[in-house]
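Student: Got a structure for you, written out below as structure tokens; questions coming shortly.
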Amino acid sequence: MFKSHAHIGIDSHCLSYLLDAITGIVEPTDSLAGERKALIRIWFYALDAYFVTPTVVEECKKIRDAERKEFHRNFIDSLFCDPQTRDAEYVKNRTTALLCVHAKVGDCKILAESEEIELDVLLTYDQRFLRRLGHSSASIRLMTPSAHWESLRLPHGAQPRTKPHQTNPLSTQTWWRW
């Protein structure tokens, strides 16, 4: 069951999909629509903020499209928690250990940073990341946004903790509501 003080991190893919869903206003209908809706619902119904690790922030700085990169930076600066790791040696050693299971350095580093920052949950929709590293952490639950949303077990019709401001076009949409 969800604990109200859970610290939930998102990888860079989830961050981009969350921002796309927020600004797209139109209900997502693509193959990842369930993940996009879950990301928004978790945010409005269960969180004060999502956490992004230093590696997620660095990955966003590598976005080639200048407008999209700035869009990500503005949201990270204003709506997400981006705590810094305290123990760089732990992150380095843990990343190296995780590379024995999964070859993608960024994913391994994000998980290592999430452990060091003491997050409770790390959300990703990357199936390889989940399959290879899903059981590699004793302290972090690595899962899809939709799986986490389901784990919250909120009753249909529950009231969100926060809502988009009335000037936000998303406030007139109902697709994100539970």
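In the structure tokens, the first chain shown is A, the next is B, and so on; residue numbers restart at 1 for each chain, and ligands run from 1 in the order shown.
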Segment 5-142 of chain A: which residues are alpha helix (DSSP H) by DSSP, as an MDAnalysis selection string?
Tutor: chainID A and resid 12:24 33:46 54:61 66:79 88:98 105:117 127:133
Student: Quick one: residues within 8 Å of segment 24-31 of chain A, only C-alpha atoms, excluding same-chain residues fewer than 6 positions away - as a list in words?
Tutor: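 The neighbour list is Lys37, Pro169, Leu170, Gln173, Trp175 and Trp176 of chain A.
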Student: If we count only C-alpha atoms and set the cut-off at 9 Å, which residues sit around segment 70-72 of chain A, ignoring sequence neighbours fewer than 2 positions away in its own chain? Please answer as a PDB file with C-alpha atoms, in the first residue's frame.
Tutor:
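Written out: around_36.pdb:
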ATOM      1  CA  LEU A  15      10.087  12.929 -17.318  1.00  0.00           C
ATOM      2  CA  SER A  16       9.697  13.613 -21.029  1.00  0.00           C
ATOM      3  CA  LEU A  19       5.872  16.851 -19.695  1.00  0.00           C
ATOM      4  CA  VAL A  57      19.126  16.192 -15.222  1.00  0.00           C
ATOM      5  CA  CYS A  60      17.962  16.295 -20.282  1.00  0.00           C
ATOM      6  CA  LYS A  61      20.813  18.733 -20.919  1.00  0.00           C
ATOM      7  CA  ILE A  63      18.439  17.066 -25.687  1.00  0.00           C
ATOM      8  CA  ASP A  65      16.278  20.499 -29.791  1.00  0.00           C
ATOM      9  CA  ALA A  66      17.011  23.783 -27.975  1.00  0.00           C
ATOM     10  CA  GLU A  67      13.349  24.606 -27.306  1.00  0.00           C
ATOM     11  CA  ARG A  68      12.621  21.143 -25.900  1.00  0.00           C
ATOM     12  CA  ASN A  74      12.281  25.072 -16.819  1.00  0.00           C
ATOM     13  CA  PHE A  75      10.122  22.253 -15.460  1.00  0.00           C
ATOM     14  CA  ILE A  76      12.999  20.651 -13.580  1.00  0.00           C
ATOM     15  CA  ASP A  77      13.884  24.002 -12.032  1.00  0.00           C
TER      16      ASP A  77
END
Student: To one decimal place, how far is atom CA of Arg94 of chain A from atom CA of Lys62 of chain A in Å?
Tutor: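 Answer for the atom CA of Arg94 of chain A to atom CA of Lys62 of chain A separation: 23.7 Å.
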Student: For a quick check of understanding, using only C-alpha atoms, which of A:Leu123, A:Ala33, A:Ala112, A:Val52 has the smallest distance to Pro83 of chain A?
Tutor: A:Val52
Student: Out of A:Leu79, A:Thr55, A:Arg141, A:His13, which residue has the shortest atom-to-atom distance to Val105 of chain A when counting only C-alpha atoms?
Tutor: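 Answer, going by the shortest atom-to-atom distance: A:Thr55.
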Student: Restricting the calculation to only C-alpha atoms, which member of A:Ala158, A:Cys100, A:Ala147, A:Cys81 is positioned closest to Ala38 of chain A?
Tutor: A:Ala147
